$ cat final-v7.cif   # mmCIF, C-alpha atoms and all ligand atoms
data_input
#
loop_
_atom_site.label_atom_id
_atom_site.label_comp_id
_atom_site.auth_asym_id
_atom_site.auth_seq_id
_atom_site.Cartn_x
_atom_site.Cartn_y
_atom_site.Cartn_z
CA MET H 141 86.72 98.07 153.61
CA LYS H 142 83.62 96.11 154.43
CA GLY H 143 83.50 94.05 157.52
CA LEU H 144 85.00 96.56 159.94
CA THR H 145 81.66 97.01 161.61
CA ALA H 146 81.10 93.28 161.96
CA SER H 147 81.58 91.68 165.34
CA LEU H 148 84.93 90.28 164.23
CA TRP H 149 87.30 92.18 161.94
CA PRO H 150 88.32 90.34 158.76
CA VAL H 151 91.98 90.43 159.89
CA ARG H 152 92.52 89.32 163.46
CA TYR H 153 96.26 89.20 164.13
CA LYS H 154 97.17 88.56 167.74
CA PRO H 155 99.80 90.65 169.52
CA TYR H 156 103.37 89.41 169.23
CA PRO H 157 105.26 88.65 172.47
CA ASP H 158 105.39 91.84 174.58
CA GLU H 159 103.97 93.92 171.73
CA LEU H 160 102.71 97.41 172.57
CA LEU H 161 99.06 98.12 171.95
CA THR H 162 99.64 100.82 169.30
CA SER H 163 102.18 98.70 167.45
CA TRP H 164 99.60 95.91 167.28
CA LEU H 165 96.89 98.36 166.20
CA ILE H 166 99.03 99.62 163.32
CA ARG H 167 99.65 96.07 162.14
CA LEU H 168 95.91 95.43 162.27
CA ALA H 169 95.21 98.62 160.25
CA TRP H 170 97.84 97.76 157.67
CA GLY H 171 96.54 94.21 157.53
CA HIS H 172 93.22 95.69 156.43
CA GLY H 173 95.02 97.76 153.79
CA LEU H 174 94.35 101.02 155.67
CA LYS H 175 96.45 103.68 157.30
CA ALA H 176 96.21 103.68 161.06
CA GLN H 177 94.34 106.98 161.23
CA THR H 178 91.84 105.94 158.56
CA PHE H 179 91.32 102.56 160.18
CA CYS H 180 90.71 104.13 163.60
CA ASN H 181 88.33 106.74 162.17
CA ARG H 182 86.32 104.00 160.52
CA VAL H 183 86.09 101.69 163.48
CA PHE H 184 86.00 104.13 166.37
CA GLY H 185 84.48 107.17 164.65
CA GLY H 186 85.53 110.73 165.36
CA ARG H 187 84.68 110.49 169.04
CA HIS H 188 87.64 108.44 170.06
CA GLN H 189 91.19 109.57 169.40
CA VAL H 190 94.10 107.16 169.51
CA TRP H 191 97.07 108.99 168.02
CA ASN H 192 97.12 112.38 169.71
CA ARG H 193 97.68 110.94 173.18
CA ASP H 194 99.64 108.17 174.85
CA SER H 195 97.11 105.39 174.28
CA ASP H 196 99.55 102.69 175.39
CA ARG H 197 99.63 104.32 178.79
CA LEU H 198 95.97 105.35 179.03
CA ALA H 199 94.57 102.01 177.85
CA PRO H 200 91.09 103.47 177.20
CA VAL H 201 88.28 101.01 177.94
CA TRP H 202 86.59 101.53 174.55
CA LEU H 203 89.84 100.61 172.80
CA ILE H 204 90.47 97.55 174.95
CA ASN H 205 86.85 96.43 174.46
CA ALA H 206 87.05 96.84 170.69
CA LEU H 207 90.25 94.81 170.47
CA VAL H 208 88.84 92.08 172.70
CA GLU H 209 85.60 91.82 170.76
CA GLN H 210 86.78 92.40 167.22
CA THR H 211 89.98 90.40 167.19
CA GLY H 212 88.73 87.63 169.50
CA THR H 213 91.73 88.09 171.80
CA PRO H 214 91.34 87.38 175.53
CA ARG H 215 90.95 90.56 177.59
CA GLN H 216 93.96 89.80 179.75
CA ILE H 217 96.20 89.57 176.70
CA VAL H 218 94.84 92.81 175.25
CA TYR H 219 95.29 94.60 178.58
CA GLY H 220 98.78 93.16 178.80
CA THR H 221 99.81 95.20 175.74
CA THR H 222 99.37 98.41 177.75
CA LEU H 223 101.64 100.26 180.15
CA ARG H 224 98.76 100.39 182.58
CA ALA H 225 99.27 96.68 183.16
CA TYR H 226 102.55 97.61 184.89
CA GLU H 227 100.52 99.01 187.78
CA GLY H 228 101.73 97.45 191.01
CA ILE H 229 104.97 96.39 189.30
CA LEU H 230 106.74 99.54 188.13
CA TYR H 231 104.62 102.03 190.05
CA PRO H 232 102.11 101.62 192.89
CA HIS H 233 99.15 103.51 191.40
CA PHE H 234 98.25 104.40 187.86
CA ARG H 235 97.63 108.05 187.01
CA PRO H 236 96.58 109.36 183.62
CA SER H 237 98.64 112.55 183.57
CA GLY H 238 101.99 113.79 184.82
CA THR H 239 104.99 111.51 184.87
CA LEU H 240 104.39 107.89 185.73
CA PRO H 241 107.39 106.32 187.48
CA TRP H 242 109.63 104.38 185.08
CA VAL H 243 107.37 104.98 182.07
CA GLN H 244 109.07 107.01 179.35
CA THR H 245 107.21 110.20 178.51
CA LEU H 246 106.21 110.78 174.89
CA MET H 247 105.48 114.49 175.37
CA VAL H 248 102.64 114.35 172.89
CA TYR H 249 101.89 117.64 171.21
CA HIS H 250 98.95 117.31 168.82
CA ARG H 251 100.04 114.34 166.75
CA SER H 252 103.76 114.88 167.14
CA ARG H 253 106.05 113.77 169.92
CA ARG H 254 108.75 115.78 171.60
CA GLY H 255 109.99 113.17 174.02
CA TYR H 256 112.25 110.21 173.33
CA GLY H 257 109.65 107.87 174.76
CA VAL H 258 110.10 104.83 172.53
CA GLN H 259 113.33 102.87 172.59
CA PHE H 260 114.29 99.98 170.35
CA CYS H 261 116.84 97.23 169.83
CA PRO H 262 118.06 97.17 166.22
CA VAL H 263 118.77 93.43 166.41
CA CYS H 264 115.27 92.59 167.66
CA LEU H 265 113.79 94.65 164.79
CA ALA H 266 116.15 92.97 162.31
CA GLU H 267 115.12 89.50 163.45
CA ASP H 268 111.38 90.18 163.48
CA GLU H 269 109.45 88.67 160.64
CA CYS H 270 107.35 91.81 160.84
CA PRO H 271 109.12 94.51 162.89
CA TYR H 272 107.13 95.56 165.94
CA PHE H 273 107.58 97.61 169.11
CA ARG H 274 107.84 96.12 172.57
CA ARG H 275 106.18 97.33 175.73
CA ALA H 276 109.44 96.94 177.66
CA TRP H 277 110.97 99.53 175.32
CA ARG H 278 108.87 102.19 177.03
CA VAL H 279 110.38 101.43 180.45
CA SER H 280 112.93 103.98 181.67
CA PHE H 281 115.41 101.67 183.37
CA ASN H 282 115.34 99.23 180.48
CA THR H 283 118.27 100.61 178.51
CA MET H 284 119.67 97.27 177.31
CA CYS H 285 118.39 94.32 175.29
CA MET H 286 118.78 91.14 177.30
CA ARG H 287 118.29 88.96 174.29
CA HIS H 288 121.06 90.47 172.21
CA GLY H 289 123.37 91.99 174.79
CA VAL H 290 123.30 95.43 173.16
CA MET H 291 122.31 98.92 174.23
CA LEU H 292 118.90 100.15 173.13
CA HIS H 293 118.47 103.36 171.11
CA ASP H 294 115.94 106.08 171.82
CA ARG H 295 116.07 108.01 168.55
CA CYS H 296 116.92 107.68 164.89
CA PRO H 297 120.73 107.59 164.66
CA ALA H 298 120.61 109.27 161.25
CA CYS H 299 118.45 112.34 161.96
CA GLY H 300 118.06 112.33 165.76
CA MET H 301 114.26 112.36 165.72
CA PRO H 302 112.20 110.36 168.24
CA VAL H 303 110.67 107.08 167.10
CA VAL H 304 107.05 107.71 166.10
CA TYR H 305 106.03 104.66 164.18
CA HIS H 306 102.48 105.75 163.38
CA ARG H 307 103.85 108.77 161.54
CA MET H 308 105.56 106.48 159.02
CA GLU H 309 102.40 106.90 156.96
CA MET H 310 102.44 110.69 156.71
CA GLY H 311 102.71 112.00 153.19
CA ARG H 312 102.51 108.56 151.66
CA GLY H 313 99.75 107.79 149.21
CA SER H 314 98.51 104.40 150.28
CA VAL H 315 99.37 102.05 153.04
CA PHE H 316 101.12 99.81 150.53
CA GLU H 317 103.79 102.48 150.07
CA VAL H 318 104.43 102.81 153.76
CA GLY H 319 107.14 100.22 154.19
CA SER H 320 108.04 99.01 157.63
CA MET H 321 107.37 100.24 161.14
CA ALA H 322 111.13 99.96 161.62
CA ASP H 323 111.83 102.89 159.27
CA CYS H 324 112.36 106.36 160.73
CA HIS H 325 109.22 108.42 160.06
CA ALA H 326 111.28 111.56 159.52
CA CYS H 327 114.14 110.49 157.26
CA GLY H 328 113.31 106.93 156.24
CA PHE H 329 116.47 105.45 157.78
CA SER H 330 116.01 101.79 158.59
CA LEU H 331 116.33 101.49 162.39
CA VAL H 332 117.45 97.92 161.80
CA GLU H 333 120.75 99.45 160.64
CA ALA H 334 121.31 101.41 163.86
CA PRO H 335 124.71 100.70 165.46
CA ARG H 336 124.85 97.66 167.70
CA GLN H 337 126.56 99.01 170.76
CA GLU H 338 127.94 96.70 173.41
CA ILE H 339 126.48 97.03 176.89
CA TRP H 340 128.52 99.33 179.12
CA GLY H 341 128.64 99.98 182.83
CA TYR H 342 130.83 101.48 185.54
CA ASP H 343 130.97 98.75 188.11
CA SER H 344 130.39 95.02 187.61
CA GLN H 345 128.07 94.60 190.61
CA ALA H 346 126.04 97.68 189.73
CA LEU H 347 125.78 96.51 186.13
CA SER H 348 124.61 93.06 187.14
CA PHE H 349 122.01 94.64 189.47
CA HIS H 350 120.79 96.74 186.55
CA LEU H 351 120.82 93.75 184.18
CA GLY H 352 118.75 91.85 186.74
CA LEU H 353 116.05 94.53 186.57
CA CYS H 354 115.95 94.44 182.77
CA ARG H 355 115.80 90.66 182.81
CA ALA H 356 112.95 90.60 185.34
CA LEU H 357 110.98 92.90 183.06
CA THR H 358 110.84 90.19 180.42
CA GLU H 359 109.36 87.66 182.83
CA PRO H 360 105.59 87.14 182.73
CA ALA H 361 103.66 89.64 184.87
CA GLY H 362 106.92 91.09 186.17
CA ALA H 363 107.51 87.98 188.28
CA GLY H 364 111.10 88.89 189.12
CA MET H 365 110.37 92.54 189.92
CA VAL H 366 110.66 93.87 193.43
CA PRO H 367 108.42 96.96 193.45
CA ASP H 368 109.91 98.29 196.70
CA LYS H 369 113.43 98.20 195.29
CA LEU H 370 112.26 100.06 192.20
CA ARG H 371 110.62 102.73 194.33
CA VAL H 372 113.76 103.23 196.41
CA MET H 373 115.87 103.45 193.27
CA HIS H 374 113.47 105.97 191.87
CA GLN H 375 113.81 108.05 195.02
CA LEU H 376 117.63 107.88 194.83
CA ILE H 377 117.50 109.09 191.24
CA ARG H 378 115.16 111.89 192.22
CA LEU H 379 117.72 113.00 194.78
CA MET H 380 120.46 112.75 192.17
CA VAL H 381 118.63 115.06 189.76
CA SER H 382 117.28 117.43 192.39
CA ARG H 383 118.20 121.08 192.17
CA TYR H 384 118.83 121.49 195.88
CA LYS H 385 122.22 123.06 196.39
CA THR H 386 122.70 120.97 199.52
CA ILE H 387 122.48 117.70 197.57
CA SER H 388 125.41 116.59 195.45
CA LEU H 389 124.82 112.86 195.57
CA ARG H 390 125.15 112.40 191.82
CA GLN H 391 128.48 114.19 191.68
CA TYR H 392 129.66 112.22 194.72
CA VAL H 393 128.81 108.82 193.23
CA SER H 394 130.22 109.77 189.82
CA LYS H 395 133.45 110.84 191.47
CA THR H 396 133.63 107.72 193.62
CA LEU H 397 133.23 105.59 190.50
CA GLY H 398 135.72 107.75 188.62
CA VAL H 399 133.32 108.67 185.81
CA ASP H 400 132.27 111.91 184.15
CA ASP H 401 128.83 113.23 184.89
CA PRO H 402 127.02 114.01 181.62
CA ILE H 403 123.82 115.35 183.19
CA GLU H 404 122.78 118.94 182.77
CA ILE H 405 120.06 120.02 185.11
CA ALA H 406 117.86 122.72 183.70
CA GLY H 407 114.46 123.08 185.26
CA ARG H 408 112.63 120.17 186.75
CA VAL H 409 114.15 116.88 185.68
CA PHE H 410 112.59 113.44 185.59
CA VAL H 411 114.39 110.24 184.74
CA GLU H 412 111.44 109.46 182.44
CA THR H 413 112.29 112.37 180.16
CA GLN H 414 116.04 111.85 180.03
CA PRO H 415 117.87 110.73 176.89
CA LEU H 416 119.14 107.17 176.97
CA VAL H 417 122.77 107.90 177.82
CA ALA H 418 121.91 110.17 180.76
CA ARG H 419 119.34 107.68 181.99
CA HIS H 420 121.70 104.75 181.74
CA HIS H 421 124.28 106.79 183.69
CA LEU H 422 121.77 107.65 186.44
CA ILE H 423 120.60 104.06 186.75
CA GLN H 424 124.18 102.79 186.97
CA LEU H 425 124.83 105.26 189.81
CA ALA H 426 121.64 104.32 191.64
CA ALA H 427 122.36 100.62 191.13
CA TRP H 428 125.81 101.10 192.66
CA LEU H 429 124.16 102.60 195.75
CA MET H 430 121.57 99.80 195.85
CA VAL H 431 124.22 97.06 195.89
CA ASP H 432 125.23 98.06 199.43
CA LEU H 433 122.74 100.74 200.33
CA ALA H 434 123.39 101.38 204.03
CA THR H 435 127.18 101.57 203.68
CA ARG H 436 127.21 103.61 200.49
CA LEU H 437 124.59 106.08 201.66
CA GLU H 438 126.55 106.48 204.85
CA GLY H 439 129.64 107.34 202.79
CA ALA H 440 127.63 109.91 200.84
CA TRP H 441 126.18 111.32 204.05
CA ARG H 442 129.57 111.56 205.73
CA ALA H 443 130.91 113.35 202.65
CA GLY H 444 128.16 115.92 203.20
CA THR H 445 126.44 115.23 199.87
CA LEU H 446 122.96 114.72 201.31
CA ARG H 447 121.04 115.22 204.54
CA TYR H 448 118.98 112.69 206.36
CA ASN H 449 115.73 114.61 205.74
CA HIS H 450 116.25 114.46 201.96
CA LEU H 451 116.10 110.71 201.97
CA GLU H 452 112.41 110.54 202.80
CA LYS H 453 111.42 113.81 201.21
CA ASP H 454 108.28 113.41 199.10
CA PHE H 455 108.60 109.65 199.40
CA ASP H 456 105.15 108.39 200.38
CA GLU H 457 104.89 104.98 201.93
CA ALA H 458 108.63 104.38 201.85
CA PRO H 459 109.45 100.73 202.61
CA ASP H 460 110.38 100.03 206.23
CA TRP H 461 113.86 98.72 205.38
CA TYR H 462 114.62 101.94 203.56
CA ARG H 463 113.23 104.05 206.39
CA SER H 464 115.38 102.29 208.91
CA ILE H 465 118.48 103.06 206.81
CA ALA H 466 117.46 106.73 206.50
CA ASP H 467 116.74 106.91 210.23
CA LEU H 468 120.30 105.86 211.02
CA PHE H 469 121.47 109.24 209.74
CA MET H 470 118.89 111.04 211.82
CA ASP H 471 120.14 109.28 214.96
CA TRP H 472 123.74 110.00 214.10
CA ARG H 473 122.98 113.66 213.71
CA ARG H 474 121.41 113.67 217.13
CA HIS H 475 124.49 111.97 218.55
CA LYS H 476 126.70 114.55 216.94
CA ARG H 477 124.65 117.35 218.42
CA SER H 478 124.67 115.99 221.94
CA PRO H 479 127.94 114.16 222.45
CA GLY H 480 128.13 111.76 225.31
ZN ZN B 1 117.28 92.79 170.97
ZN ZN B 2 115.63 109.60 160.92
#
$ encode --input "final-v7.cif" --output "structure tokens"
Amino acid sequence: MKGLTASLWPVRYKPYPDELLTSWLIRLAWGHGLKAQTFCNRVFGGRHQVWNRDSDRLAPVWLINALVEQTGTPRQIVYGTTLRAYEGILYPHFRPSGTLPWVQTLMVYHRSRRGYGVQFCPVCLAEDECPYFRRAWRVSFNTMCMRHGVMLHDRCPACGMPVVYHRMEMGRGSVFEVGSMADCHACGFSLVEAPRQEIWGYDSQALSFHLGLCRALTEPAGAGMVPDKLRVMHQLIRLMVSRYKTISLRQYVSKTLGVDDPIEIAGRVFVETQPLVARHHLIQLAAWLMVDLATRLEGAWRAGTLRYNHLEKDFDEAPDWYRSIADLFMDWRRHKRSPG
């Protein structure tokens, strides 16, 4: 196609509300009648790779610049399609590799994905004029759609494969045979048809805490987010999936709430790599603790399911209010050791 080297591309769609960068890029490629890989090779050359890494997270400058200049979209809007724009909201500091707190891991291996990093709401996809993928669907605690009151999915319900929308094009002759981004790349199942499961939770206060987080995520620039709270929750979940034999916080909270614990710990576990059901479970447990943190942690501590030194373990720059709760247990231990 001519015109791709011009200062403005012939097709200049703007991102839909909360659209992810790569979802937008695929729409732009298809709008030009090209497959995403072909489009990117033509406009970025062989030097720059988009599809064999997590470009939504990395937000490479050359890609942002190209989208700003060649679609005539303001830089702030382009940047806002990336997970990097969550810096200071979901996590304090961006890092290009390793897990990034609350950002689902794709586990990219060449051009394939091994992680269940992209979630979706079947009702959102069904209502879209042109189905597209949301940035909020890459956020680990966001397991529910606030708009439709249903649980999200993190894989194709028909074949169990992760959602990899750019691979929709593989093995298809031309882009016009590709269909929709909402079809499973592996088996062709329409994700729009995925079951619409009602939101579930263990405890009404914990559920409304969790819903509050998901709701805040949809506000502009994370206006309703409290980064400190998210960091503390993240720490609690880390404790709940730790392999230390002396910590049984997850089992304690599950038992207190009278629920089964579906988590299997094998090797090092991150919430960002957990399947949706396990993640939703962990977040419900952590949310229950958060609702009345000092009292509930005290209960867990008295039941011998954690030690005071675990609470701040590997937790850099813990908020003062959290530290003062953790320190209570340190003082109590001292009291116990030296009665009177
Ligand atoms: Zn929805
Ligand atoms: Zn499938």
$ residues_near_ligand --input "final-v7.cif" --ligand "ligand ZN 1 (chain B)" --cutoff "9 Å" --atoms "all atoms listed in the file" --output "PyMOL selection string"
chain H and resi 260-267+284-292
$ write_last_selection --input "final-v7.cif" --atoms "C-alpha atoms" --output "mmCIF file, keeping the file's coordinate frame"
data_model
loop_
_atom_site.group_PDB
_atom_site.id
_atom_site.type_symbol
_atom_site.label_atom_id
_atom_site.label_comp_id
_atom_site.auth_asym_id
_atom_site.auth_seq_id
_atom_site.Cartn_x
_atom_site.Cartn_y
_atom_site.Cartn_z
ATOM 1 C CA PHE H 260 114.290 99.980 170.350
ATOM 2 C CA CYS H 261 116.840 97.230 169.830
ATOM 3 C CA PRO H 262 118.060 97.170 166.220
ATOM 4 C CA VAL H 263 118.770 93.430 166.410
ATOM 5 C CA CYS H 264 115.270 92.590 167.660
ATOM 6 C CA LEU H 265 113.790 94.650 164.790
ATOM 7 C CA ALA H 266 116.150 92.970 162.310
ATOM 8 C CA GLU H 267 115.120 89.500 163.450
ATOM 9 C CA MET H 284 119.670 97.270 177.310
ATOM 10 C CA CYS H 285 118.390 94.320 175.290
ATOM 11 C CA MET H 286 118.780 91.140 177.300
ATOM 12 C CA ARG H 287 118.290 88.960 174.290
ATOM 13 C CA HIS H 288 121.060 90.470 172.210
ATOM 14 C CA GLY H 289 123.370 91.990 174.790
ATOM 15 C CA VAL H 290 123.300 95.430 173.160
ATOM 16 C CA MET H 291 122.310 98.920 174.230
ATOM 17 C CA LEU H 292 118.900 100.150 173.130
#
$ residues_near_ligand --input "final-v7.cif" --ligand "ligand ZN 2 (chain B)" --cutoff "9 Å" --atoms "all atoms listed in the file" --output "PyMOL selection string"
chain H and resi 295-303+323-331
$ residues_around --input "final-v7.cif" --residues "Trp242 of chain H" --least-positions-apart "2" --cutoff "9 Å" --atoms "all atoms listed in the file" --output "compact mmCIF listing (two decimals) with C-alpha atoms, keeping the file's coordinate frame"
# COMPACT_ATOMS: atom_id res chain seq x y z
CA LEU H 230 106.74 99.54 188.13
CA TYR H 231 104.62 102.03 190.05
CA THR H 239 104.99 111.51 184.87
CA LEU H 240 104.39 107.89 185.73
CA GLN H 244 109.07 107.01 179.35
CA ARG H 278 108.87 102.19 177.03
CA VAL H 279 110.38 101.43 180.45
CA SER H 280 112.93 103.98 181.67
CA PHE H 281 115.41 101.67 183.37
CA ASN H 282 115.34 99.23 180.48
CA LEU H 370 112.26 100.06 192.20
CA HIS H 374 113.47 105.97 191.87
CA VAL H 411 114.39 110.24 184.74
CA GLU H 412 111.44 109.46 182.44
$ residues_around --input "final-v7.cif" --residues "segment 210-221 of chain H" --least-positions-apart "6" --cutoff "12 Å" --atoms "only C-alpha atoms" --output "number ranges by chain"
H: 143-165, 168-169, 183-184, 195-204, 227, 273-278, 360-362
$ atom_distance --input "final-v7.cif" --atom1 "atom CA of Leu422 of chain H" --atom2 "atom CA of Val332 of chain H"
26.8 Å
$ atom_distance --input "final-v7.cif" --atom1 "atom CA of Ser382 of chain H" --atom2 "atom CA of Gly444 of chain H"
15.4 Å
$ atom_distance --input "final-v7.cif" --atom1 "atom CA of Gln337 of chain H" --atom2 "atom CA of Leu416 of chain H"
12.7 Å
$ closest_residue --input "final-v7.cif" --among "H:Lys175, H:His421, H:His188, H:Arg224" --to "Gly319 of chain H" --atoms "only C-alpha atoms"
H:Lys175
$ closest_residue --input "final-v7.cif" --among "H:Asp194, H:Glu209, H:Asp401, H:Asp467" --to "Leu223 of chain H" --atoms "all atoms listed in the file"
H:Asp194
$ closest_residue --input "final-v7.cif" --among "H:Ser320, H:Asp432, H:Thr445, H:Val304" --to "Arg254 of chain H" --atoms "all atoms listed in the file"
H:Val304
$ closest_residue --input "final-v7.cif" --among "H:Pro232, H:Tyr305, H:Gly185, H:Leu425" --to "Lys395 of chain H" --atoms "all atoms listed in the file"
H:Leu425
$ decode --input "final-v7.cif" --residues "segment 376-388 of chain H" --atoms "N, CA, C and O atoms" --output "short mmCIF file (atom, residue, chain, number, x, y, z; two decimals), in the first residue's frame"
data_model
loop_
_atom_site.label_atom_id
_atom_site.label_comp_id
_atom_site.auth_asym_id
_atom_site.auth_seq_id
_atom_site.Cartn_x
_atom_site.Cartn_y
_atom_site.Cartn_z
N LEU H 376 0.25 -8.57 50.89
CA LEU H 376 -0.54 -9.61 51.56
C LEU H 376 -0.67 -10.85 50.66
O LEU H 376 -0.57 -11.98 51.12
N ILE H 377 -0.86 -10.60 49.37
CA ILE H 377 -0.98 -11.73 48.44
C ILE H 377 0.35 -12.46 48.31
O ILE H 377 0.41 -13.68 48.27
N ARG H 378 1.42 -11.70 48.32
CA ARG H 378 2.74 -12.34 48.28
C ARG H 378 2.92 -13.27 49.47
O ARG H 378 3.46 -14.37 49.34
N LEU H 379 2.49 -12.81 50.64
CA LEU H 379 2.57 -13.67 51.82
C LEU H 379 1.69 -14.89 51.65
O LEU H 379 2.05 -16.00 52.04
N MET H 380 0.53 -14.70 51.05
CA MET H 380 -0.41 -15.81 50.90
C MET H 380 0.05 -16.86 49.89
O MET H 380 -0.41 -17.99 49.94
N VAL H 381 0.94 -16.48 48.98
CA VAL H 381 1.44 -17.48 48.02
C VAL H 381 2.90 -17.84 48.31
O VAL H 381 3.55 -18.50 47.50
N SER H 382 3.41 -17.40 49.46
CA SER H 382 4.80 -17.71 49.76
C SER H 382 4.93 -19.19 50.11
O SER H 382 3.98 -19.86 50.49
N ARG H 383 6.14 -19.68 49.94
CA ARG H 383 6.37 -21.11 50.21
C ARG H 383 6.90 -21.35 51.61
O ARG H 383 7.22 -22.47 51.95
N TYR H 384 7.01 -20.29 52.40
CA TYR H 384 7.51 -20.47 53.76
C TYR H 384 6.58 -21.38 54.55
O TYR H 384 5.37 -21.15 54.59
N LYS H 385 7.15 -22.37 55.19
CA LYS H 385 6.33 -23.30 55.96
C LYS H 385 5.69 -22.62 57.17
O LYS H 385 4.66 -23.06 57.68
N THR H 386 6.32 -21.52 57.62
CA THR H 386 5.81 -20.84 58.81
C THR H 386 4.65 -19.91 58.48
O THR H 386 4.08 -19.30 59.38
N ILE H 387 4.33 -19.74 57.20
CA ILE H 387 3.21 -18.86 56.84
C ILE H 387 2.06 -19.71 56.31
O ILE H 387 2.23 -20.45 55.34
N SER H 388 0.91 -19.56 56.94
CA SER H 388 -0.27 -20.26 56.39
C SER H 388 -1.45 -19.30 56.39
O SER H 388 -2.57 -19.66 56.73
#
